[in-house]
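Undergrad: Got protein-v2.tsv for you, TSV, C-alpha atoms:
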```tsv
chain	number	residue	atom	x	y	z
A	1477	MET	CA	-116.46	-151.48	220.93
A	1478	SER	CA	-118.26	-150.90	224.23
A	1479	GLU	CA	-120.41	-147.84	224.84
A	1480	LEU	CA	-118.10	-146.82	227.66
A	1481	THR	CA	-115.06	-146.89	225.35
A	1482	SER	CA	-116.94	-144.96	222.63
A	1483	ASN	CA	-117.92	-142.26	225.11
A	1484	ARG	CA	-114.35	-142.00	226.37
A	1485	ILE	CA	-112.99	-141.63	222.82
A	1486	ARG	CA	-115.59	-138.95	222.05
A	1487	ALA	CA	-114.70	-137.03	225.19
A	1488	THR	CA	-110.99	-137.24	224.35
A	1489	ALA	CA	-111.66	-136.11	220.75
A	1490	VAL	CA	-113.53	-133.04	222.00
A	1491	LYS	CA	-110.67	-132.16	224.37
A	1492	LEU	CA	-108.23	-132.46	221.46
A	1493	GLY	CA	-110.35	-130.10	219.35
A	1494	LEU	CA	-111.62	-132.86	217.03
A	1495	PRO	CA	-115.41	-132.39	217.17
A	1496	HIS	CA	-116.00	-134.10	213.82
A	1497	LEU	CA	-114.30	-137.27	215.08
A	1498	ALA	CA	-116.54	-137.22	218.14
A	1499	GLU	CA	-119.65	-136.91	215.97
A	1500	ALA	CA	-118.66	-139.40	213.28
A	1501	LEU	CA	-117.01	-142.09	215.40
A	1502	ASN	CA	-119.69	-144.72	214.77
A	1503	GLN	CA	-119.58	-144.05	211.02
A	1504	TYR	CA	-115.80	-144.55	210.99
A	1505	ILE	CA	-116.12	-147.82	212.85
A	1506	GLN	CA	-118.81	-149.04	210.47
A	1507	ARG	CA	-116.76	-148.10	207.40
A	1508	ALA	CA	-113.71	-149.78	208.86
A	1509	ASP	CA	-115.67	-152.99	209.57
A	1510	GLU	CA	-117.25	-153.05	206.10
A	1511	ALA	CA	-113.90	-152.48	204.34
A	1512	LYS	CA	-111.99	-154.73	206.78
A	1513	MET	CA	-109.52	-151.92	207.37
A	1514	GLY	CA	-106.33	-152.38	209.30
A	1515	TYR	CA	-105.45	-150.07	212.17
A	1516	LEU	CA	-103.23	-147.83	210.07
A	1517	ASP	CA	-105.87	-147.49	207.33
A	1518	LEU	CA	-108.45	-146.51	209.93
A	1519	ILE	CA	-106.14	-143.89	211.43
A	1520	ASP	CA	-105.39	-142.56	207.94
A	1521	LEU	CA	-109.14	-142.30	207.21
A	1522	VAL	CA	-109.88	-140.46	210.44
A	1523	LEU	CA	-107.02	-137.99	210.01
A	1524	ALA	CA	-107.87	-137.31	206.34
A	1525	GLU	CA	-111.53	-136.68	207.17
A	1526	GLU	CA	-110.66	-134.40	210.08
A	1527	LEU	CA	-108.23	-132.42	207.91
A	1528	ALA	CA	-110.87	-132.00	205.20
A	1529	VAL	CA	-113.38	-130.75	207.76
A	1530	ARG	CA	-110.86	-128.27	209.17
A	1531	ASP	CA	-109.92	-127.02	205.69
A	1532	ASP	CA	-113.57	-126.50	204.82
A	1533	ARG	CA	-114.16	-124.66	208.12
A	1534	ARG	CA	-111.11	-122.46	207.53
A	1535	PHE	CA	-112.24	-121.76	203.95
A	1536	ARG	CA	-115.76	-120.74	205.01
A	1537	ASN	CA	-114.43	-118.58	207.82
A	1538	GLY	CA	-111.95	-116.94	205.44
A	1539	LEU	CA	-114.76	-116.09	203.02
A	1540	ARG	CA	-116.86	-114.70	205.84
A	1541	LEU	CA	-114.06	-112.35	206.96
A	1542	SER	CA	-112.99	-111.36	203.44
A	1543	LYS	CA	-115.82	-108.86	202.76
A	1544	LEU	CA	-116.22	-110.29	199.24
A	1545	PRO	CA	-119.44	-109.02	197.61
A	1546	HIS	CA	-120.22	-112.57	196.39
A	1547	HIS	CA	-118.47	-115.92	196.06
A	1548	LYS	CA	-118.62	-116.51	192.32
A	1549	THR	CA	-116.00	-118.77	190.73
A	1550	LEU	CA	-114.43	-118.95	187.27
A	1551	GLU	CA	-116.85	-121.77	186.45
A	1552	ASP	CA	-119.62	-119.15	186.69
A	1553	TYR	CA	-117.92	-116.80	184.21
A	1554	ASP	CA	-119.18	-116.82	180.62
A	1555	PHE	CA	-115.96	-116.65	178.61
A	1556	SER	CA	-117.93	-117.13	175.36
A	1557	PHE	CA	-119.42	-113.66	175.85
A	1558	GLN	CA	-115.92	-112.15	175.89
A	1559	PRO	CA	-114.24	-113.75	172.84
A	1560	ASP	CA	-111.22	-111.39	173.02
A	1561	LEU	CA	-110.38	-112.65	176.51
A	1562	ASP	CA	-108.19	-115.77	176.48
A	1563	PRO	CA	-109.61	-118.18	179.11
A	1564	ARG	CA	-106.22	-119.85	179.43
A	1565	LYS	CA	-104.65	-116.66	180.74
A	1566	VAL	CA	-107.27	-116.31	183.46
A	1567	LYS	CA	-107.16	-120.02	184.35
A	1568	ASP	CA	-103.38	-119.81	184.61
A	1569	LEU	CA	-103.86	-117.08	187.19
A	1570	ALA	CA	-106.15	-119.45	189.12
A	1571	THR	CA	-103.11	-121.68	189.75
A	1572	LEU	CA	-102.13	-118.85	192.16
A	1573	SER	CA	-98.48	-118.74	191.18
A	1574	PHE	CA	-98.78	-114.93	191.31
A	1575	VAL	CA	-99.78	-115.19	194.97
A	1576	GLU	CA	-96.78	-117.40	195.71
A	1577	ASP	CA	-94.58	-114.83	193.96
A	1578	LYS	CA	-96.29	-111.92	195.78
A	1579	ALA	CA	-97.10	-110.42	192.39
A	1580	ASN	CA	-100.16	-108.47	191.26
A	1581	VAL	CA	-103.04	-108.78	188.79
A	1582	ALA	CA	-104.67	-105.83	187.01
A	1583	LEU	CA	-108.04	-106.36	185.31
A	1584	LEU	CA	-108.79	-103.45	182.98
A	1585	GLY	CA	-111.87	-102.69	180.92
A	1586	PRO	CA	-115.17	-100.80	180.70
A	1587	PRO	CA	-117.95	-101.29	183.24
A	1588	GLY	CA	-119.90	-104.54	183.19
A	1589	VAL	CA	-117.41	-106.85	181.46
A	1590	GLY	CA	-116.83	-109.07	184.49
A	1591	LYS	CA	-113.66	-107.61	186.02
A	1592	THR	CA	-114.96	-107.88	189.57
A	1593	HIS	CA	-116.27	-111.40	188.91
A	1594	ILE	CA	-112.80	-112.60	187.88
A	1595	ALA	CA	-111.12	-110.73	190.76
A	1596	VAL	CA	-113.48	-112.34	193.27
A	1597	ALA	CA	-113.07	-115.77	191.65
A	1598	LEU	CA	-109.29	-115.54	192.00
A	1599	ALA	CA	-109.69	-114.46	195.63
A	1600	VAL	CA	-112.02	-117.39	196.34
A	1601	ALA	CA	-109.48	-119.77	194.79
A	1602	ALA	CA	-106.75	-118.23	196.96
A	1603	CYS	CA	-108.89	-118.60	200.07
A	1604	ARG	CA	-109.56	-122.25	199.29
A	1605	ALA	CA	-105.81	-122.77	198.92
A	1606	GLY	CA	-105.26	-121.41	202.42
A	1607	TYR	CA	-104.33	-117.78	201.70
A	1608	SER	CA	-105.87	-114.91	203.64
A	1609	ILE	CA	-107.87	-112.48	201.49
A	1610	CYS	CA	-109.56	-109.10	201.81
A	1611	PHE	CA	-111.86	-107.23	199.41
A	1612	THR	CA	-112.35	-103.48	199.26
A	1613	SER	CA	-113.18	-100.78	196.76
A	1614	LEU	CA	-110.73	-97.93	196.23
A	1615	ASP	CA	-113.37	-95.48	197.44
A	1616	ASP	CA	-113.91	-97.41	200.69
A	1617	THR	CA	-110.15	-97.76	201.20
A	1618	VAL	CA	-109.59	-94.01	200.91
A	1619	ARG	CA	-112.54	-93.19	203.13
A	1620	HIS	CA	-111.36	-95.56	205.88
A	1621	LEU	CA	-107.75	-94.40	205.64
A	1622	LYS	CA	-108.76	-90.73	205.92
A	1623	ALA	CA	-110.95	-91.46	208.94
A	1624	ALA	CA	-108.14	-93.44	210.59
A	1625	GLU	CA	-105.65	-90.63	209.92
A	1626	ASP	CA	-108.01	-88.11	211.49
A	1627	ARG	CA	-108.21	-90.31	214.62
A	1628	GLY	CA	-104.47	-90.85	214.73
A	1629	ARG	CA	-104.86	-94.54	213.91
A	1630	LEU	CA	-103.54	-94.59	210.35
A	1631	MET	CA	-100.71	-97.06	210.99
A	1632	SER	CA	-103.08	-99.48	212.70
A	1633	LEU	CA	-105.40	-99.50	209.68
A	1634	LEU	CA	-102.51	-99.73	207.23
A	1635	ILE	CA	-101.43	-102.92	208.97
A	1636	SER	CA	-104.88	-104.42	208.33
A	1637	TYR	CA	-104.40	-103.76	204.59
A	1638	LEU	CA	-100.93	-105.29	204.70
A	1639	ARG	CA	-101.90	-108.44	206.58
A	1640	PRO	CA	-103.83	-110.45	203.91
A	1641	ALA	CA	-101.90	-112.45	201.33
A	1642	VAL	CA	-104.30	-111.16	198.67
A	1643	LEU	CA	-105.85	-107.68	198.72
A	1644	VAL	CA	-108.57	-107.08	196.11
A	1645	VAL	CA	-109.02	-103.38	195.28
A	1646	ASP	CA	-112.11	-102.85	193.14
A	1647	GLU	CA	-113.23	-99.88	191.03
A	1648	VAL	CA	-109.98	-97.96	190.63
A	1649	GLY	CA	-110.75	-94.87	188.56
A	1650	TYR	CA	-114.47	-94.44	189.08
A	1651	GLN	CA	-113.88	-91.39	191.26
A	1652	PRO	CA	-110.86	-89.03	190.96
A	1653	LEU	CA	-108.84	-88.59	194.12
A	1654	GLU	CA	-107.27	-85.59	195.73
A	1655	ARG	CA	-103.51	-85.69	196.12
A	1656	VAL	CA	-103.72	-86.31	199.87
A	1657	GLU	CA	-106.04	-89.26	199.23
A	1658	ALA	CA	-103.75	-90.60	196.49
A	1659	ASN	CA	-100.82	-90.44	198.89
A	1660	LEU	CA	-102.70	-92.73	201.30
A	1661	VAL	CA	-103.22	-95.24	198.48
A	1662	PHE	CA	-99.53	-94.99	197.64
A	1663	GLN	CA	-98.69	-95.97	201.21
A	1664	VAL	CA	-100.77	-99.15	200.93
A	1665	VAL	CA	-99.27	-100.09	197.55
A	1666	SER	CA	-95.74	-99.22	198.62
A	1667	LYS	CA	-95.88	-101.20	201.86
A	1668	ARG	CA	-97.37	-104.26	200.10
A	1669	TYR	CA	-94.73	-104.14	197.35
A	1670	GLU	CA	-93.15	-107.61	197.05
A	1671	LYS	CA	-94.78	-108.58	200.37
A	1672	GLY	CA	-98.30	-109.46	199.24
A	1673	SER	CA	-100.46	-109.62	196.13
A	1674	ILE	CA	-102.93	-107.01	194.92
A	1675	ILE	CA	-105.74	-107.80	192.50
A	1676	LEU	CA	-107.22	-104.59	191.15
A	1677	THR	CA	-109.96	-103.71	188.71
A	1678	SER	CA	-110.08	-100.45	186.80
A	1679	ASN	CA	-112.12	-98.86	184.03
A	1680	LYS	CA	-109.18	-96.59	183.20
A	1681	THR	CA	-106.06	-97.26	181.17
A	1682	PHE	CA	-102.79	-96.79	182.99
A	1683	GLY	CA	-102.21	-93.65	180.91
A	1684	GLU	CA	-105.27	-92.11	182.59
A	1685	TRP	CA	-104.14	-92.81	186.14
A	1686	GLY	CA	-102.55	-89.38	186.45
A	1687	GLN	CA	-106.07	-87.95	186.27
A	1688	VAL	CA	-107.40	-90.55	188.69
A	1689	PHE	CA	-104.78	-89.85	191.37
A	1690	GLY	CA	-104.59	-86.10	190.76
A	1691	ASP	CA	-100.83	-86.11	190.26
A	1692	GLU	CA	-98.77	-87.62	187.43
A	1693	VAL	CA	-95.69	-88.16	189.61
A	1694	LEU	CA	-97.67	-89.91	192.33
A	1695	ALA	CA	-99.54	-92.02	189.77
A	1696	THR	CA	-96.21	-93.05	188.23
A	1697	ALA	CA	-94.87	-94.04	191.65
A	1698	ILE	CA	-97.95	-96.18	192.32
A	1699	LEU	CA	-97.78	-97.81	188.88
A	1700	ASP	CA	-94.05	-98.43	189.24
A	1701	ARG	CA	-94.68	-100.64	192.27
A	1702	LEU	CA	-97.86	-102.25	190.99
A	1703	LEU	CA	-96.57	-103.16	187.54
A	1704	HIS	CA	-93.07	-104.33	188.45
A	1705	HIS	CA	-94.49	-107.81	189.08
A	1706	CYS	CA	-97.95	-107.77	187.51
A	1707	GLU	CA	-100.15	-109.73	185.12
A	1708	VAL	CA	-102.32	-107.29	183.13
A	1709	VAL	CA	-105.62	-108.67	181.78
A	1710	PRO	CA	-107.52	-106.31	179.43
A	1711	ILE	CA	-111.23	-107.09	178.93
A	1712	ASN	CA	-112.70	-104.99	176.15
A	1713	GLY	CA	-115.95	-106.80	175.36
A	1714	ASN	CA	-119.61	-106.08	175.93
A	1715	SER	CA	-121.34	-105.51	179.26
A	1716	TYR	CA	-122.90	-108.52	180.98
A	1717	ARG	CA	-125.28	-106.25	182.81
A	1718	LEU	CA	-126.46	-104.69	179.53
A	1719	LYS	CA	-126.80	-108.17	178.03
A	1720	ASN	CA	-128.99	-109.32	180.92
A	1721	ARG	CA	-131.04	-106.13	180.77
A	1722	LEU	CA	-131.65	-106.50	177.03
A	1723	GLN	CA	-132.67	-110.14	177.51
A	1724	ALA	CA	-135.15	-109.10	180.19
A	1725	ILE	CA	-136.60	-106.42	177.89
A	1726	GLU	CA	-136.94	-108.96	175.09
A	1727	ARG	CA	-138.76	-111.39	177.40
A	1728	ASP	CA	-141.14	-108.64	178.55
A	1729	THR	CA	-141.77	-107.66	174.93
A	1730	ASP	CA	-142.50	-111.28	173.95
A	1731	VAL	CA	-144.98	-111.62	176.82
A	1732	ALA	CA	-146.71	-108.39	175.85
```
As structure tokens, what does this structure read like?
TA:
Amino acid sequence: MSELTSNRIRATAVKLGLPHLAEALNQYIQRADEAKMGYLDLIDLVLAEELAVRDDRRFRNGLRLSKLPHHKTLEDYDFSFQPDLDPRKVKDLATLSFVEDKANVALLGPPGVGKTHIAVALAVAACRAGYSICFTSLDDTVRHLKAAEDRGRLMSLLISYLRPAVLVVDEVGYQPLERVEANLVFQVVSKRYEKGSIILTSNKTFGEWGQVFGDEVLATAILDRLLHHCEVVPINGNSYRLKNRLQAIERDTDVA
């Protein structure tokens, strides 16, 4: 292929929004020559590579916009440290059928057992599969909703919580809410009901949510919508953070 033709193809690829093709054109030609590819095989190779590049770009951009605190996966989770947690149940969730069904996931247990890790891992898997995701803590959600309501922009902010296919709400129950605050949370849950998935983590049992939301009736209304289509995953093992801290103390003691 002449240099003039190569330059023309690169220019056309850029205009079509195919920057990777423009950059990798010579590599494609070399691979095609070495494998003695036909025209259709070469086109298939180019399109597959461009699609993979676009998917990876979309995935990385989705993670960047998601506000996830980290990007840990289920492969990073030490299931052996939580023997009461069935790995198959969590890995079944990673198939994302609950996202397709617009259902919810509730991860319950004491602090430090890896609830947030699993929630984030499921969100990362959803993002890789092409779903939009957003991470927030319940405290941040309430704070932002109250500020938006004070500015007369509550509906605009509510829409931002309704837009993602998967909304991760972390740390439900760490701080009790006033009834007005709980009502704002109810609006988010109610409007997402059967329209998008929620993954939540909580250190409280559902029976304690009346105390969390400051009103038994309101808590029941929230739970009614959350649990109608919901996979509940209790994690009642030991704290990873305490484990790591004890290991560090043991290492320091050994050195001393």
Undergrad: Neighbours of A:Glu1499 within 10 Å (only C-alpha atoms; same-chain residues fewer than 6 positions away dropped), as a ChimeraX atom specification?
TA: /A:1486,1489-1490
Undergrad: With C-alpha atoms kept, could you save the residues just selected as a compact mmCIF listing (two decimals), in the coordinates of the input?
TA:
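Printed below is out17.txt as written:
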```
# COMPACT_ATOMS: atom_id res chain seq x y z
CA ARG A 1486 -115.59 -138.95 222.05
CA ALA A 1489 -111.66 -136.11 220.75
CA VAL A 1490 -113.53 -133.04 222.00
```
Undergrad: Which is closer to A:Thr1592 than all the others in A:Ile1675, A:Leu1630, A:Ala1695, A:Cys1706, using all atoms listed in the file?
TA: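 Going through A:Ile1675, A:Leu1630, A:Ala1695, A:Cys1706 one by one, the smallest distance to A:Thr1592 is for A:Ile1675.
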Undergrad: Quote the spacing between atom CA of A:Val1656 and atom CA of A:Val1618 in Å to one decimal place.
TA: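 Rounded to one decimal, the two atoms are 9.7 Å apart.
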Undergrad: Do a neighbour search on A:Val1648 at 12 Å with only C-alpha atoms, toss out local chain neighbours closer than 5 positions, and write the hits as a PyMOL selection string.
TA: chain A and resi 1582-1587+1591-1592+1612-1618+1653+1658+1661+1675-1682+1684-1685+1687-1689
Undergrad: Of the candidates A:Val1644, A:Ala1605, A:Val1708, A:Ile1698, which one gets nearest to A:His1593 if we count only C-alpha atoms?
TA: A:Val1644
Undergrad: Taking (-109.7, -129.1, 216.0) in the coordinates of the supplied file, I want to know which residues reach to within 12 Å of it, counting only C-alpha atoms; could you give the answer as a list in words?
TA: Thr1488, Ala1489, Val1490, Lys1491, Leu1492, Gly1493, Leu1494, Pro1495, His1496, Leu1497, Ala1498, Leu1523, Glu1525, Glu1526, Leu1527, Ala1528, Val1529, Arg1530, Asp1531, Arg1533 and Arg1534 of chain A
Undergrad: Could you give me, as a ChimeraX atom specification, the residues within 10 Å of stretch 1565-1569 of chain A, counting all atoms listed in the file and dropping anything in the same chain fewer than 5 positions from it?
TA: /A:1550,1555,1574-1575,1581,1594-1595,1598,1601,1707-1709
Undergrad: By how many Å are atom CA of A:Leu1638 and atom CA of A:Asp1691 apart?
TA: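 Taking atom CA of A:Leu1638 as the start and atom CA of A:Asp1691 as the end point, the length is 24.0 Å.
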Undergrad: Of the candidates A:Val1665, A:Gly1590, A:His1620, A:Leu1501, which one gets nearest to A:Asn1714 if we count only C-alpha atoms?
TA: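 The shortest atom-to-atom distance to A:Asn1714 comes from A:Gly1590.
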Undergrad: Between A:Ala1570, A:Gly1628, A:Glu1647, A:Leu1660, which has the minimum distance to A:Gly1588 (counting all atoms listed in the file)?
TA: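 Looking at the shortest contact to A:Gly1588, the residue is A:Glu1647.
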Undergrad: For A:Arg1540, find every residue with an atom within 12 Å (counting only C-alpha atoms), except residues of its own chain fewer than 3 positions away, and show them as a ChimeraX atom specification.
TA: /A:1533-1537,1543-1547,1600,1603,1608-1611
Undergrad: For A:Ile1485, which residue out of A:Asn1502, A:Ala1623, A:Tyr1515, A:Ala1597 is the nearest one, using all atoms listed in the file?
TA: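 The shortest atom-to-atom distance to A:Ile1485 comes from A:Asn1502.
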Undergrad: I need the residue nearest A:Gly1686 from this list: A:Arg1655, A:Tyr1553, A:Arg1639, A:Glu1576. Use only C-alpha atoms for the distance.
TA: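 Smallest distance to A:Gly1686 is found for A:Arg1655.
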Undergrad: So the first atom is atom CA of A:Gly1690 and the second is atom CA of A:Pro1652; what is the distance between them in Å, to one decimal place?
TA: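 Straight-line distance from atom CA of A:Gly1690 to atom CA of A:Pro1652 works out to 6.9 Å.
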Undergrad: Show which residues sit within 9 Å of A:Gln1558, as number ranges by chain. Count all atoms listed in the file, and ignore same-chain residues fewer than 2 positions away.
TA: A: 1554-1556, 1560-1562, 1589, 1711-1714
Undergrad: Would you kindly place all heavy atoms on stretch 1519-1530 of chain A and return the model as a compact mmCIF listing (two decimals), in the frame of the given file?
TA:
```txt
# COMPACT_ATOMS: atom_id res chain seq x y z
N ILE A 1519 -106.72 -145.15 210.97
CA ILE A 1519 -106.14 -143.89 211.43
C ILE A 1519 -105.99 -142.91 210.27
O ILE A 1519 -106.28 -141.71 210.41
CB ILE A 1519 -104.77 -144.15 212.10
CG1 ILE A 1519 -104.96 -144.92 213.39
CG2 ILE A 1519 -104.05 -142.82 212.38
CD1 ILE A 1519 -103.66 -145.37 214.03
N ASP A 1520 -105.54 -143.41 209.12
CA ASP A 1520 -105.39 -142.56 207.94
C ASP A 1520 -106.73 -141.97 207.52
O ASP A 1520 -106.83 -140.78 207.18
CB ASP A 1520 -104.79 -143.38 206.79
CG ASP A 1520 -104.54 -142.54 205.55
OD1 ASP A 1520 -103.83 -141.52 205.65
OD2 ASP A 1520 -105.08 -142.88 204.46
N LEU A 1521 -107.79 -142.78 207.55
CA LEU A 1521 -109.14 -142.30 207.21
C LEU A 1521 -109.58 -141.20 208.15
O LEU A 1521 -110.05 -140.14 207.71
CB LEU A 1521 -110.13 -143.47 207.27
CG LEU A 1521 -111.62 -143.09 207.21
CD1 LEU A 1521 -111.97 -142.49 205.86
CD2 LEU A 1521 -112.49 -144.30 207.51
N VAL A 1522 -109.43 -141.43 209.44
CA VAL A 1522 -109.88 -140.46 210.44
C VAL A 1522 -109.13 -139.14 210.29
O VAL A 1522 -109.73 -138.05 210.30
CB VAL A 1522 -109.69 -141.03 211.86
CG1 VAL A 1522 -109.94 -139.94 212.90
CG2 VAL A 1522 -110.63 -142.20 212.09
N LEU A 1523 -107.82 -139.21 210.13
CA LEU A 1523 -107.02 -137.99 210.01
C LEU A 1523 -107.35 -137.22 208.73
O LEU A 1523 -107.43 -135.99 208.73
CB LEU A 1523 -105.53 -138.32 210.05
CG LEU A 1523 -105.00 -138.86 211.39
CD1 LEU A 1523 -103.52 -139.20 211.28
CD2 LEU A 1523 -105.24 -137.86 212.51
N ALA A 1524 -107.54 -137.96 207.62
CA ALA A 1524 -107.87 -137.31 206.34
C ALA A 1524 -109.22 -136.61 206.42
O ALA A 1524 -109.38 -135.48 205.93
CB ALA A 1524 -107.87 -138.34 205.22
N GLU A 1525 -110.19 -137.28 207.04
CA GLU A 1525 -111.53 -136.68 207.17
C GLU A 1525 -111.48 -135.45 208.06
O GLU A 1525 -112.09 -134.43 207.76
CB GLU A 1525 -112.49 -137.71 207.75
CG GLU A 1525 -112.82 -138.86 206.82
CD GLU A 1525 -114.00 -138.56 205.93
OE1 GLU A 1525 -114.69 -137.56 206.18
OE2 GLU A 1525 -114.21 -139.33 204.97
N GLU A 1526 -110.75 -135.53 209.16
CA GLU A 1526 -110.66 -134.40 210.08
C GLU A 1526 -109.97 -133.21 209.41
O GLU A 1526 -110.37 -132.06 209.59
CB GLU A 1526 -109.91 -134.81 211.34
CG GLU A 1526 -109.99 -133.81 212.47
CD GLU A 1526 -111.40 -133.66 213.02
OE1 GLU A 1526 -112.14 -134.67 213.07
OE2 GLU A 1526 -111.76 -132.53 213.39
N LEU A 1527 -108.93 -133.50 208.62
CA LEU A 1527 -108.23 -132.42 207.91
C LEU A 1527 -109.15 -131.76 206.90
O LEU A 1527 -109.15 -130.52 206.77
CB LEU A 1527 -106.99 -132.99 207.21
CG LEU A 1527 -106.14 -131.98 206.42
CD1 LEU A 1527 -105.61 -130.89 207.35
CD2 LEU A 1527 -105.00 -132.68 205.72
N ALA A 1528 -109.94 -132.56 206.18
CA ALA A 1528 -110.87 -132.00 205.20
C ALA A 1528 -111.91 -131.11 205.87
O ALA A 1528 -112.26 -130.04 205.35
CB ALA A 1528 -111.56 -133.14 204.44
N VAL A 1529 -112.40 -131.55 207.02
CA VAL A 1529 -113.38 -130.75 207.76
C VAL A 1529 -112.76 -129.43 208.22
O VAL A 1529 -113.37 -128.36 208.11
CB VAL A 1529 -113.93 -131.54 208.97
CG1 VAL A 1529 -114.72 -130.62 209.90
CG2 VAL A 1529 -114.80 -132.70 208.50
N ARG A 1530 -111.53 -129.49 208.72
CA ARG A 1530 -110.86 -128.27 209.17
C ARG A 1530 -110.60 -127.33 208.01
O ARG A 1530 -110.75 -126.11 208.15
CB ARG A 1530 -109.54 -128.63 209.86
CG ARG A 1530 -109.72 -129.23 211.23
CD ARG A 1530 -108.41 -129.29 211.98
NE ARG A 1530 -108.61 -129.72 213.35
CZ ARG A 1530 -107.69 -129.65 214.29
NH1 ARG A 1530 -106.50 -129.17 214.01
NH2 ARG A 1530 -107.95 -130.05 215.52
```
